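*Asks:* Structure file target.txt, compact mmCIF, C-alpha atoms and all ligand atoms, is pasted below:
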# COMPACT_ATOMS: atom_id res chain seq x y z
CA MET N 11 0.00 0.00 0.00
CA HIS N 12 1.39 3.42 -0.98
CA SER N 13 0.36 6.55 0.95
CA LEU N 14 0.22 9.55 -1.34
CA VAL N 15 0.48 13.28 -1.05
CA ILE N 16 -0.82 14.80 -4.29
CA LEU N 17 0.48 18.32 -5.02
CA GLY N 18 -1.84 19.92 -7.59
CA SER N 19 -4.76 17.57 -6.93
CA THR N 20 -7.31 19.92 -8.54
CA GLY N 21 -5.51 20.02 -11.90
CA SER N 22 -5.70 17.84 -14.97
CA ILE N 23 -2.97 15.43 -13.79
CA GLY N 24 -4.16 15.59 -10.16
CA GLU N 25 -7.73 14.56 -11.06
CA ASN N 26 -6.36 11.67 -13.15
CA VAL N 27 -4.17 10.57 -10.22
CA LEU N 28 -7.35 10.34 -8.11
CA LYS N 29 -8.98 8.15 -10.80
CA ILE N 30 -6.05 5.75 -10.47
CA VAL N 31 -6.50 5.80 -6.68
CA ASP N 32 -10.20 4.93 -7.23
CA ALA N 33 -9.20 1.99 -9.44
CA HIS N 34 -6.72 0.55 -6.89
CA PRO N 35 -8.02 1.21 -3.38
CA ASP N 36 -6.11 -1.83 -2.10
CA ARG N 37 -2.80 -0.38 -3.36
CA LEU N 38 -3.10 3.41 -3.02
CA ARG N 39 -4.45 5.77 -0.37
CA VAL N 40 -4.44 9.54 -0.09
CA VAL N 41 -2.90 11.15 2.99
CA GLY N 42 -2.40 14.70 1.65
CA LEU N 43 -3.93 16.93 -1.04
CA ALA N 44 -2.67 20.34 -2.16
CA ALA N 45 -3.77 23.00 -4.62
CA HIS N 46 -3.33 26.68 -5.36
CA SER N 47 -6.73 28.38 -4.96
CA ARG N 48 -9.57 26.09 -6.10
CA ALA N 49 -10.72 25.70 -2.50
CA ALA N 50 -14.22 24.38 -3.20
CA ARG N 51 -12.90 21.55 -5.38
CA LEU N 52 -10.16 20.78 -2.84
CA ALA N 53 -12.84 20.58 -0.12
CA GLU N 54 -14.89 18.12 -2.23
CA GLN N 55 -11.78 15.97 -2.70
CA ALA N 56 -10.99 16.18 1.03
CA ALA N 57 -14.53 15.05 1.92
CA ARG N 58 -14.24 12.09 -0.41
CA TYR N 59 -10.64 10.89 0.20
CA ARG N 60 -10.31 11.92 3.87
CA PRO N 61 -6.60 12.86 3.82
CA LEU N 62 -4.91 13.79 7.10
CA VAL N 63 -3.76 17.16 5.76
CA VAL N 64 -4.71 19.50 2.92
CA ALA N 65 -2.84 22.57 1.69
CA LEU N 66 -3.78 25.73 -0.20
CA ALA N 67 -0.88 27.83 -1.48
CA ASP N 68 -3.17 30.86 -1.81
CA GLU N 69 -3.94 31.94 1.73
CA SER N 70 -6.90 34.07 0.62
CA ALA N 71 -8.80 30.90 -0.43
CA LYS N 72 -8.88 29.68 3.20
CA GLU N 73 -12.39 30.98 4.02
CA GLU N 74 -13.82 29.37 0.91
CA PHE N 75 -12.30 26.05 1.98
CA HIS N 76 -13.73 26.30 5.50
CA ALA N 77 -17.18 27.12 4.10
CA ALA N 78 -17.09 24.01 1.90
CA ARG N 79 -15.15 21.58 4.15
CA GLY N 80 -18.26 19.73 5.39
CA THR N 81 -17.29 16.86 7.68
CA PHE N 82 -13.58 16.96 6.77
CA SER N 83 -11.76 17.17 10.09
CA GLY N 84 -8.12 17.06 8.95
CA LYS N 85 -5.59 19.87 9.10
CA LEU N 86 -5.44 22.80 6.62
CA LEU N 87 -2.08 24.40 5.79
CA THR N 88 -1.98 27.66 3.84
CA GLY N 89 0.52 30.07 2.35
CA PRO N 90 3.88 29.75 0.59
CA SER N 91 5.28 27.15 3.02
CA ALA N 92 2.16 24.92 2.82
CA LEU N 93 3.31 22.80 -0.13
CA PRO N 94 6.87 22.12 1.10
CA GLU N 95 5.36 21.27 4.50
CA ILE N 96 2.71 18.82 3.27
CA ALA N 97 5.36 17.24 0.97
CA GLY N 98 7.24 16.10 4.08
CA ILE N 99 4.44 14.70 6.31
CA PRO N 100 5.60 11.47 7.94
CA GLU N 101 2.45 9.50 6.98
CA ALA N 102 3.32 9.68 3.24
CA ASP N 103 5.79 7.47 1.37
CA THR N 104 5.12 8.99 -2.09
CA VAL N 105 4.69 12.56 -3.28
CA VAL N 106 3.03 13.14 -6.65
CA VAL N 107 4.19 16.48 -8.02
CA ALA N 108 1.41 17.66 -10.35
CA VAL N 109 1.50 21.41 -9.77
CA VAL N 110 2.25 23.57 -12.79
CA GLY N 111 5.28 25.77 -13.42
CA SER N 112 7.90 27.02 -11.02
CA ALA N 113 5.68 26.15 -8.02
CA GLY N 114 7.11 22.64 -8.33
CA TYR N 115 10.77 22.69 -7.37
CA HIS N 116 10.66 23.80 -3.72
CA PRO N 117 8.09 21.18 -2.62
CA THR N 118 9.83 18.49 -4.70
CA LEU N 119 13.10 19.20 -2.91
CA ALA N 120 11.31 19.18 0.46
CA ALA N 121 9.84 15.76 -0.40
CA ILE N 122 13.26 14.42 -1.45
CA GLU N 123 14.86 15.71 1.76
CA ALA N 124 12.10 13.90 3.69
CA GLY N 125 13.02 10.68 1.81
CA LYS N 126 9.79 10.35 -0.21
CA ARG N 127 9.44 8.48 -3.48
CA ILE N 128 8.67 11.11 -6.14
CA CYS N 129 6.19 10.63 -8.99
CA LEU N 130 6.99 13.65 -11.14
CA ALA N 131 4.63 15.30 -13.61
CA ASN N 132 6.05 18.81 -13.08
CA LYS N 133 8.84 18.87 -15.68
CA GLU N 134 9.60 22.51 -14.79
CA THR N 135 11.24 21.19 -11.59
CA LEU N 136 14.00 19.56 -13.65
CA VAL N 137 14.25 22.44 -16.13
CA VAL N 138 14.92 24.92 -13.31
CA ALA N 139 16.75 22.83 -10.74
CA GLY N 140 17.76 19.57 -12.45
CA ALA N 141 21.29 19.46 -10.99
CA ILE N 142 20.17 20.19 -7.42
CA VAL N 143 17.18 17.84 -7.54
CA MET N 144 19.07 14.88 -9.04
CA ASP N 145 21.96 15.38 -6.58
CA ALA N 146 19.55 15.45 -3.64
CA ALA N 147 17.75 12.32 -4.90
CA ARG N 148 21.06 10.44 -5.22
CA ARG N 149 22.18 11.58 -1.77
CA LYS N 150 18.88 10.53 -0.15
CA GLY N 151 18.51 7.33 -2.21
CA VAL N 152 15.12 8.55 -3.46
CA GLU N 153 13.53 7.36 -6.72
CA ILE N 154 12.16 9.92 -9.21
CA LEU N 155 9.58 8.18 -11.38
CA PRO N 156 8.37 10.09 -14.46
CA ILE N 157 4.69 10.70 -15.16
CA ASP N 158 5.25 12.73 -18.34
CA SER N 159 4.11 10.31 -21.05
CA GLU N 160 7.28 10.58 -23.17
CA HIS N 161 9.56 10.01 -20.20
CA SER N 162 7.43 7.13 -18.98
CA ALA N 163 7.83 5.61 -22.45
CA ILE N 164 11.60 6.19 -22.52
CA TRP N 165 11.96 4.77 -18.99
CA GLN N 166 10.12 1.61 -20.07
CA CYS N 167 12.14 1.25 -23.30
CA LEU N 168 15.48 1.80 -21.53
CA LYS N 169 14.89 -1.35 -19.50
CA CYS N 170 15.54 -3.34 -22.70
CA GLY N 171 19.30 -2.62 -22.82
CA ARG N 172 22.30 -1.33 -20.90
CA PRO N 173 22.96 2.44 -20.62
CA SER N 174 26.14 2.04 -22.73
CA GLU N 175 24.06 0.40 -25.50
CA VAL N 176 21.73 3.39 -25.98
CA ASP N 177 22.38 5.11 -29.30
CA ARG N 178 19.67 7.79 -29.05
CA ILE N 179 16.36 8.72 -27.56
CA LEU N 180 13.55 9.47 -30.02
CA LEU N 181 11.37 11.99 -28.21
CA THR N 182 8.02 12.21 -29.97
CA GLY N 183 5.65 15.17 -30.05
CA SER N 184 2.39 15.76 -31.89
CA GLY N 185 3.49 19.16 -33.20
CA GLY N 186 0.42 20.74 -31.59
CA PRO N 187 -2.45 22.52 -33.34
CA PHE N 188 -0.28 24.62 -35.70
CA ARG N 189 1.88 21.95 -37.36
CA THR N 190 0.55 22.74 -40.82
CA ARG N 191 -0.79 26.29 -40.36
CA PRO N 192 0.86 28.85 -42.70
CA LEU N 193 3.59 30.66 -40.75
CA ASP N 194 2.49 34.10 -41.94
CA THR N 195 -0.84 33.65 -40.13
CA PHE N 196 0.80 32.99 -36.72
CA PRO N 197 0.33 36.59 -35.47
CA ALA N 198 -3.45 36.09 -35.80
CA ILE N 199 -3.54 32.92 -33.65
CA THR N 200 -6.21 33.28 -30.96
CA LYS N 201 -6.16 31.99 -27.40
CA ALA N 202 -9.00 29.56 -28.22
CA GLU N 203 -7.05 28.15 -31.20
CA ALA N 204 -3.88 27.73 -29.13
CA LEU N 205 -5.84 26.02 -26.33
CA ALA N 206 -7.34 23.45 -28.72
CA HIS N 207 -4.76 20.64 -28.61
CA PRO N 208 -5.54 17.95 -31.19
CA ASN N 209 -4.85 14.90 -28.94
CA TRP N 210 -4.44 15.74 -25.26
CA GLN N 211 -6.70 17.31 -22.60
CA MET N 212 -4.36 19.26 -20.31
CA GLY N 213 -4.07 22.41 -18.19
CA ALA N 214 -3.83 25.77 -20.00
CA LYS N 215 -0.10 26.41 -19.51
CA ILE N 216 1.15 23.07 -20.89
CA THR N 217 -1.38 23.33 -23.74
CA ILE N 218 0.12 26.67 -24.86
CA ASP N 219 3.62 25.20 -24.34
CA SER N 220 2.58 22.34 -26.63
CA ALA N 221 1.45 24.79 -29.31
CA THR N 222 4.83 26.61 -29.24
CA MET N 223 6.67 23.30 -28.61
CA MET N 224 8.31 24.86 -25.54
CA ASN N 225 6.84 21.77 -23.87
CA LYS N 226 9.06 19.55 -26.06
CA ALA N 227 12.00 21.88 -25.39
CA PHE N 228 11.44 21.39 -21.64
CA GLU N 229 11.13 17.64 -22.21
CA ILE N 230 14.61 17.51 -23.78
CA ILE N 231 15.99 19.06 -20.58
CA GLU N 232 13.82 16.75 -18.45
CA ALA N 233 15.23 13.70 -20.28
CA VAL N 234 18.83 14.92 -19.91
CA TRP N 235 18.42 14.92 -16.11
CA LEU N 236 16.19 11.88 -15.66
CA PHE N 237 18.22 9.56 -17.86
CA ASN N 238 21.67 11.14 -17.49
CA ILE N 239 22.05 11.43 -21.25
CA ALA N 240 23.60 14.14 -23.47
CA ALA N 241 21.16 16.46 -25.24
CA ASP N 242 22.71 15.63 -28.65
CA LYS N 243 21.55 12.05 -28.18
CA ILE N 244 17.93 13.20 -27.92
CA GLU N 245 16.16 13.61 -31.27
CA VAL N 246 12.71 15.20 -31.46
CA VAL N 247 10.39 13.47 -33.94
CA LEU N 248 6.94 14.76 -34.85
CA HIS N 249 4.24 12.11 -34.62
CA PRO N 250 0.83 13.77 -35.05
CA GLN N 251 -1.23 10.80 -33.77
CA SER N 252 0.41 10.65 -30.27
CA ILE N 253 0.31 6.83 -30.19
CA ILE N 254 4.05 6.18 -29.90
CA HIS N 255 4.91 8.06 -26.71
CA SER N 256 8.66 7.92 -27.42
CA ALA N 257 11.29 5.36 -28.39
CA VAL N 258 14.91 4.37 -27.82
CA ARG N 259 17.34 3.30 -30.53
CA PHE N 260 20.02 0.92 -29.32
CA ALA N 261 23.55 0.42 -30.69
CA ASP N 262 22.48 -2.47 -32.92
CA GLY N 263 19.90 -0.25 -34.65
CA SER N 264 16.91 -1.82 -32.88
CA VAL N 265 14.25 0.79 -32.04
CA LEU N 266 11.98 0.02 -29.10
CA ALA N 267 8.89 2.17 -28.69
CA GLN N 268 6.08 2.35 -26.14
CA MET N 269 2.56 2.73 -27.52
CA GLY N 270 -0.86 3.50 -26.10
CA ASN N 271 -3.87 5.77 -26.42
CA PRO N 272 -3.17 9.42 -25.60
CA ASP N 273 -4.45 9.15 -22.01
CA MET N 274 -2.35 10.23 -19.02
CA LYS N 275 -3.92 7.57 -16.77
CA LEU N 276 -1.54 4.97 -18.15
CA PRO N 277 1.78 6.74 -17.38
CA ILE N 278 0.36 7.94 -14.05
CA GLN N 279 -0.56 4.39 -13.04
CA HIS N 280 2.81 3.08 -14.24
CA ALA N 281 4.63 5.46 -11.89
CA LEU N 282 2.26 5.01 -8.94
CA LEU N 283 2.20 1.21 -9.00
CA TYR N 284 5.76 0.64 -10.27
CA PRO N 285 7.08 -2.06 -10.54
CA GLU N 286 3.65 -3.72 -10.71
CA ARG N 287 1.50 -3.74 -13.84
CA LEU N 288 -2.24 -4.06 -13.20
CA PRO N 289 -5.36 -3.47 -15.33
CA ALA N 290 -5.84 0.26 -15.94
CA PRO N 291 -9.12 2.24 -15.92
CA GLN N 292 -8.99 3.25 -19.57
CA GLN N 293 -9.83 1.95 -23.03
CA LEU N 294 -7.45 -0.76 -24.20
CA PHE N 295 -5.24 0.25 -27.10
CA LYS N 296 -5.76 -1.74 -30.31
CA LEU N 297 -2.97 -1.64 -32.89
CA ALA N 298 -5.36 -2.67 -35.67
CA ASP N 299 -7.35 0.55 -35.08
CA CYS N 300 -4.31 2.66 -36.03
CA ALA N 301 -4.62 2.92 -39.79
CA ASP N 302 -2.06 5.67 -39.92
CA LEU N 303 1.08 6.31 -37.87
CA SER N 304 3.24 9.03 -39.38
CA PHE N 305 6.51 10.70 -38.44
CA GLU N 306 8.34 13.81 -39.58
CA LYS N 307 11.32 15.98 -38.70
CA PRO N 308 10.30 19.22 -36.92
CA ASP N 309 10.78 22.46 -38.87
CA GLU N 310 12.82 24.63 -36.49
CA SER N 311 11.61 27.90 -38.01
CA ARG N 312 8.09 26.88 -36.99
CA TYR N 313 9.27 25.78 -33.55
CA PRO N 314 12.09 28.15 -32.43
CA ALA N 315 11.73 26.77 -28.88
CA LEU N 316 13.68 23.66 -29.94
CA PRO N 317 16.97 25.32 -31.04
CA LEU N 318 16.61 27.78 -28.14
CA ALA N 319 16.44 24.92 -25.63
CA ARG N 320 19.54 23.31 -27.12
CA ARG N 321 21.41 26.60 -26.79
CA VAL N 322 20.23 27.00 -23.23
CA ILE N 323 21.38 23.47 -22.33
CA GLU N 324 24.80 24.23 -23.80
CA LEU N 325 25.02 27.52 -21.88
CA GLY N 326 23.98 25.80 -18.63
CA HIS N 327 24.25 27.61 -15.27
CA THR N 328 21.09 29.70 -14.68
CA TYR N 329 19.99 29.78 -18.34
CA PRO N 330 17.45 26.91 -18.10
CA ALA N 331 15.82 28.63 -15.09
CA VAL N 332 15.50 31.79 -17.18
CA LEU N 333 13.99 29.82 -20.07
CA ASN N 334 11.38 28.43 -17.68
CA ALA N 335 10.45 31.62 -15.85
CA ALA N 336 10.41 33.74 -19.02
CA ASP N 337 8.12 31.22 -20.69
CA GLU N 338 5.79 31.08 -17.68
CA ALA N 339 5.44 34.86 -17.69
CA ALA N 340 5.04 35.08 -21.48
CA VAL N 341 2.36 32.35 -21.55
CA GLU N 342 0.48 34.20 -18.81
CA LEU N 343 0.60 37.40 -20.90
CA PHE N 344 -0.65 35.52 -23.98
CA LEU N 345 -3.50 33.93 -22.00
CA ALA N 346 -4.41 37.40 -20.69
CA GLY N 347 -4.66 38.67 -24.29
CA ARG N 348 -1.71 41.05 -23.83
CA ILE N 349 0.74 39.64 -26.43
CA SER N 350 0.48 37.72 -29.69
CA PHE N 351 1.37 34.05 -30.09
CA PRO N 352 4.77 34.66 -31.83
CA ASP N 353 5.65 37.20 -29.11
CA ILE N 354 5.83 34.36 -26.56
CA LEU N 355 9.02 32.99 -28.11
CA LYS N 356 10.41 36.44 -28.92
CA LEU N 357 10.15 37.46 -25.28
CA VAL N 358 11.61 34.19 -24.00
CA ALA N 359 14.54 34.47 -26.44
CA GLY N 360 15.01 38.09 -25.34
CA ALA N 361 15.23 37.13 -21.66
CA VAL N 362 17.78 34.42 -22.50
CA LYS N 363 19.80 36.90 -24.56
CA TRP N 364 19.94 39.59 -21.85
CA HIS N 365 20.47 37.25 -18.89
CA LYS N 366 23.70 37.53 -16.92
CA PRO N 367 24.33 33.99 -15.71
CA LEU N 368 25.32 32.85 -12.23
CA ALA N 369 27.67 29.85 -12.10
CA ASN N 370 26.73 26.78 -10.03
CA PRO N 371 23.49 28.31 -8.78
CA ASP N 372 21.93 27.41 -5.44
CA LEU N 373 18.18 27.54 -4.80
CA ASP N 374 18.22 31.24 -3.87
CA ASP N 375 20.04 32.05 -7.12
CA LEU N 376 17.42 30.08 -9.06
CA ASP N 377 14.57 31.93 -7.33
CA GLN N 378 16.29 35.24 -8.02
CA VAL N 379 16.92 34.66 -11.74
CA GLY N 380 13.35 33.38 -12.09
CA THR N 381 12.02 36.65 -10.69
CA TRP N 382 14.41 38.61 -12.92
CA ALA N 383 13.29 36.75 -16.07
CA ALA N 384 9.56 37.11 -15.34
CA ASP N 385 10.01 40.84 -14.59
CA TRP N 386 12.09 41.29 -17.74
CA VAL N 387 9.38 39.66 -19.89
CA ARG N 388 6.58 41.74 -18.34
CA ALA N 389 8.56 44.97 -18.77
CA ALA N 390 9.62 44.18 -22.36
CA ALA N 391 6.04 43.31 -23.31
CA LYS N 392 4.94 46.82 -22.31
CA LYS N 393 7.44 48.56 -24.58
CA THR N 394 6.07 48.90 -28.08
CA ASN N 395 9.50 48.72 -29.72
CA ALA N 396 10.96 46.05 -27.41
CA LEU N 397 10.16 43.14 -29.68
CA ASP N 398 12.22 44.70 -32.51
CA ILE N 399 15.43 44.31 -30.53
CA MET N 400 14.91 40.59 -29.99
CA PRO N 401 17.27 38.08 -31.54
P1 LIG N 501 -3.31 22.25 -14.34
O1 LIG N 501 -3.24 23.70 -14.60
O2 LIG N 501 -4.50 21.50 -14.82
O3 LIG N 501 -3.23 21.99 -12.76
C1 LIG N 501 -2.25 22.61 -11.98
C2 LIG N 501 -2.42 22.24 -10.53
O4 LIG N 501 -1.38 22.91 -9.81
C3 LIG N 501 -3.73 22.71 -9.90
O5 LIG N 501 -4.14 21.78 -8.91
C4 LIG N 501 -3.36 24.04 -9.22
O6 LIG N 501 -4.16 24.32 -8.09
C5 LIG N 501 -1.92 23.75 -8.78
N1 LIG N 501 -1.10 24.95 -8.71
C6 LIG N 501 -0.92 25.87 -9.68
N2 LIG N 501 -0.10 26.86 -9.27
C7 LIG N 501 0.24 26.56 -7.99
C8 LIG N 501 1.02 27.21 -7.00
N3 LIG N 501 1.63 28.38 -7.24
N4 LIG N 501 1.14 26.61 -5.80
C9 LIG N 501 0.52 25.45 -5.56
N5 LIG N 501 -0.25 24.79 -6.45
C10 LIG N 501 -0.39 25.34 -7.65
O7 LIG N 501 -1.97 21.60 -14.90
P2 LIG N 501 -1.73 20.12 -15.46
O8 LIG N 501 -2.05 20.08 -16.89
O9 LIG N 501 -2.34 19.11 -14.54
O10 LIG N 501 -0.14 20.03 -15.37
C11 LIG N 501 0.53 19.85 -14.15
C12 LIG N 501 2.00 19.55 -14.42
O11 LIG N 501 2.09 18.29 -15.09
C13 LIG N 501 2.70 20.58 -15.31
O12 LIG N 501 4.01 20.74 -14.88
C14 LIG N 501 2.69 19.90 -16.68
O13 LIG N 501 3.78 20.31 -17.49
C15 LIG N 501 2.80 18.43 -16.30
N6 LIG N 501 2.23 17.52 -17.28
C16 LIG N 501 0.90 17.58 -17.56
C17 LIG N 501 0.35 16.72 -18.49
C18 LIG N 501 -1.13 16.72 -18.77
O14 LIG N 501 -1.60 15.88 -19.52
N7 LIG N 501 -1.91 17.63 -18.20
C19 LIG N 501 1.16 15.79 -19.16
C20 LIG N 501 2.52 15.75 -18.84
C21 LIG N 501 3.05 16.61 -17.90
MG MG N 502 4.85 15.09 -22.32
Written as structure tokens, that's how I'd like the structure from this file.
*Replies:*
Amino acid sequence: MHSLVILGSTGSIGENVLKIVDAHPDRLRVVGLAAHSRAARLAEQAARYRPLVVALADESAKEEFHAARGTFSGKLLTGPSALPEIAGIPEADTVVVAVVGSAGYHPTLAAIEAGKRICLANKETLVVAGAIVMDAARRKGVEILPIDSEHSAIWQCLKCGRPSEVDRILLTGSGGPFRTRPLDTFPAITKAEALAHPNWQMGAKITIDSATMMNKAFEIIEAVWLFNIAADKIEVVLHPQSIIHSAVRFADGSVLAQMGNPDMKLPIQHALLYPERLPAPQQLFKLADCADLSFEKPDESRYPALPLARRVIELGHTYPAVLNAADEAAVELFLAGRISFPDILKLVAGAVKWHKPLANPDLDDLDQVGTWAADWVRAAAKKTNALDIMP
């Protein structure tokens, strides 16, 4: 029996984690639930799963939680320290990190320091703080099990050979909603169009990141840290149907791929129940139903996030943290209707260009450059001529 704390339980991944808990009540129980501000939904979850502790990062949502808490008698934590605190409660053995964005790395580190097994959906944790997180996990002997579907696939495929026999990782991506849209119409892309992902139902931020392919850029960095592999051994391949979730080519040329319907319940269950495989609460995948599986090389002029990520990996230091924070701020501005779709990447590239790096950053340095990058993006977006000076 695993005892779970779920960080981000009201989100798309969090709700799917709870469906896996429902399917395996003899294997999984909930001891902690945490969210940002959706207090009414958190209260409903608390009433149903009866965790010992719940946490709301947004203190101002406290009253709403109390009004809706019903018979839930557990403890409520609030404020900025609530997530790191719930991530370390002694009753849990596993922490599922399903918050979005830079809210992930502090609680993940707190969970590692407390010796918890980590099931990681929040890729931003490794983009920002990959070196610190992986070092801490090694030091504490803690496992980090990927939930991201591509990394779950790669993890499963890697079991078929030795690390020295891996020739390359084939990281697949659908290409998002704008794979074939004429480039000259990109400035007219609306929020609704960018939020309409062809294959996956996800939270707003990762859906926009999938449209720009910043999500795939982050996933390159995520794979570098999770699998201790050089970025030049990771090839991005477009696969519009999202059936092959990624593949590994071994030294003898054999390519092993993991397949399934585009449904996050499968990789979530794989991480939660690992190393067991049990029936999953989703439609079974049938190969004969796939009339068409296609693959193509990504066009980097359509997806500037990909070469930018490779440059950022090469530059190292605090650059990946800047990439993450600048993107988070730019996506927020796009979702608020303040900038156009192509401006997202222009602003992120601008922040990377003007960043003055700090070598071997600690957590405070990472927080500080994150704040700098988000401020830089918000300030640059206000200047009418700022986008002309971008690389
Ligand atoms: P979402 O927006 O649906 O949910 C985010 C959750 O995080 C919510 O519960 C919200 O309350 C919480 N949260 C947000 N900001 C917070 C803060 N500052 N402090 C505390 N909690 C906060 O997002 P999602 O789509 O479920 O994605 C979650 C993470 O999983 C992201 O890092 C994403 O990249 C990753 N991921 C998602 C999918 C997917 O299919 N949705 C697939 C792979 C990876
Ligand atoms: Mg993914």
*Asks:* I want to know what sits within 9 Å of segment 242-256 of chain N, based on only C-alpha atoms, with residues of the same chain fewer than 3 positions away left out; could you give that as a VMD selection string?
*Replies:* chain N and resid 159 to 164 167 176 to 186 189 208 to 210 226 230 233 to 234 239 266 to 272 300 302 to 308 316 320
*Asks:* Can you build me a table of chain N residues sitting at most 8 Å from ligand LIG 501 (chain N), with the closest atom pair per residue and its distance in Å to one decimal, using all atoms listed in the file, sorted by chain and residue number, as JSON lines?
*Replies:*
{"residue": "N:Leu17", "atom": "CA", "partner": "N:LIG501", "partner_atom": "N5", "distance": 6.7}
{"residue": "N:Gly18", "atom": "CA", "partner": "N:LIG501", "partner_atom": "O5", "distance": 3.2}
{"residue": "N:Ser19", "atom": "CA", "partner": "N:LIG501", "partner_atom": "O5", "distance": 4.7}
{"residue": "N:Thr20", "atom": "CA", "partner": "N:LIG501", "partner_atom": "O5", "distance": 3.7}
{"residue": "N:Gly21", "atom": "CA", "partner": "N:LIG501", "partner_atom": "O3", "distance": 3.1}
{"residue": "N:Ser22", "atom": "CA", "partner": "N:LIG501", "partner_atom": "O9", "distance": 3.6}
{"residue": "N:Ile23", "atom": "CA", "partner": "N:LIG501", "partner_atom": "O9", "distance": 3.8}
{"residue": "N:Gly24", "atom": "CA", "partner": "N:LIG501", "partner_atom": "O9", "distance": 5.9}
{"residue": "N:Glu25", "atom": "CA", "partner": "N:LIG501", "partner_atom": "O9", "distance": 7.9}
{"residue": "N:Ala44", "atom": "CA", "partner": "N:LIG501", "partner_atom": "N5", "distance": 6.6}
{"residue": "N:Ala45", "atom": "CA", "partner": "N:LIG501", "partner_atom": "O6", "distance": 3.7}
{"residue": "N:His46", "atom": "CA", "partner": "N:LIG501", "partner_atom": "O6", "distance": 3.7}
{"residue": "N:Ser47", "atom": "CA", "partner": "N:LIG501", "partner_atom": "O6", "distance": 5.7}
{"residue": "N:Arg48", "atom": "CA", "partner": "N:LIG501", "partner_atom": "O6", "distance": 6.0}
{"residue": "N:Leu66", "atom": "CA", "partner": "N:LIG501", "partner_atom": "C9", "distance": 6.9}
{"residue": "N:Ala67", "atom": "CA", "partner": "N:LIG501", "partner_atom": "N4", "distance": 4.9}
{"residue": "N:Asp68", "atom": "CA", "partner": "N:LIG501", "partner_atom": "N4", "distance": 7.2}
{"residue": "N:Pro90", "atom": "CA", "partner": "N:LIG501", "partner_atom": "N4", "distance": 7.6}
{"residue": "N:Leu93", "atom": "CA", "partner": "N:LIG501", "partner_atom": "C9", "distance": 6.7}
{"residue": "N:Val107", "atom": "CA", "partner": "N:LIG501", "partner_atom": "C12", "distance": 7.4}
{"residue": "N:Ala108", "atom": "CA", "partner": "N:LIG501", "partner_atom": "C11", "distance": 4.5}
{"residue": "N:Val109", "atom": "CA", "partner": "N:LIG501", "partner_atom": "O4", "distance": 3.2}
{"residue": "N:Val110", "atom": "CA", "partner": "N:LIG501", "partner_atom": "O12", "distance": 3.9}
{"residue": "N:Gly111", "atom": "CA", "partner": "N:LIG501", "partner_atom": "O12", "distance": 5.4}
{"residue": "N:Ser112", "atom": "CA", "partner": "N:LIG501", "partner_atom": "N3", "distance": 7.4}
{"residue": "N:Ala113", "atom": "CA", "partner": "N:LIG501", "partner_atom": "N3", "distance": 4.7}
{"residue": "N:Gly114", "atom": "CA", "partner": "N:LIG501", "partner_atom": "O12", "distance": 7.5}
{"residue": "N:Leu130", "atom": "CA", "partner": "N:LIG501", "partner_atom": "O11", "distance": 7.8}
{"residue": "N:Ala131", "atom": "CA", "partner": "N:LIG501", "partner_atom": "O11", "distance": 4.2}
{"residue": "N:Asn132", "atom": "CA", "partner": "N:LIG501", "partner_atom": "O12", "distance": 3.3}
{"residue": "N:Lys133", "atom": "CA", "partner": "N:LIG501", "partner_atom": "O12", "distance": 5.2}
{"residue": "N:Glu134", "atom": "CA", "partner": "N:LIG501", "partner_atom": "O12", "distance": 5.9}
{"residue": "N:Thr135", "atom": "CA", "partner": "N:LIG501", "partner_atom": "O12", "distance": 8.0}
{"residue": "N:Ile157", "atom": "CA", "partner": "N:LIG501", "partner_atom": "C20", "distance": 6.6}
{"residue": "N:Asp158", "atom": "CA", "partner": "N:LIG501", "partner_atom": "C20", "distance": 4.1}
{"residue": "N:Ser159", "atom": "CA", "partner": "N:LIG501", "partner_atom": "C20", "distance": 6.1}
{"residue": "N:Trp210", "atom": "CA", "partner": "N:LIG501", "partner_atom": "O14", "distance": 6.4}
{"residue": "N:Gln211", "atom": "CA", "partner": "N:LIG501", "partner_atom": "O14", "distance": 6.1}
{"residue": "N:Met212", "atom": "CA", "partner": "N:LIG501", "partner_atom": "N7", "distance": 3.6}
{"residue": "N:Gly213", "atom": "CA", "partner": "N:LIG501", "partner_atom": "O8", "distance": 3.3}
{"residue": "N:Ala214", "atom": "CA", "partner": "N:LIG501", "partner_atom": "O1", "distance": 5.8}
{"residue": "N:Lys215", "atom": "CA", "partner": "N:LIG501", "partner_atom": "O1", "distance": 6.4}
{"residue": "N:Ile216", "atom": "CA", "partner": "N:LIG501", "partner_atom": "O13", "distance": 5.1}
{"residue": "N:Thr217", "atom": "CA", "partner": "N:LIG501", "partner_atom": "O8", "distance": 7.6}
{"residue": "N:Asn225", "atom": "CA", "partner": "N:LIG501", "partner_atom": "O13", "distance": 7.2}
{"residue": "N:Asp273", "atom": "CA", "partner": "N:LIG501", "partner_atom": "O14", "distance": 7.7}
{"residue": "N:Met274", "atom": "CA", "partner": "N:LIG501", "partner_atom": "O14", "distance": 5.7}
*Asks:* Between atom CA of Val362 of chain N and atom CA of Ile154 of chain N, what is the distance, to one decimal in Å?
*Replies:* 28.4 Å
*Asks:* Between N:Ala383, N:Leu297, N:Ile354, N:Ile231, which has the minimum distance to ligand MG 502 (chain N) (counting all atoms listed in the file)?
*Replies:*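 For ligand MG 502 (chain N), the nearest of the given residues is N:Ile231.
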*Asks:* Extract, using all atoms listed in the file, all DNA, RNA and protein residues at most 8 Å from Lys275 of chain N, discarding same-chain residues fewer than 2 positions from it, and format them as a PyMOL selection string.
*Replies:* chain N and resi 26-27+29-30+273+277-279+290-292
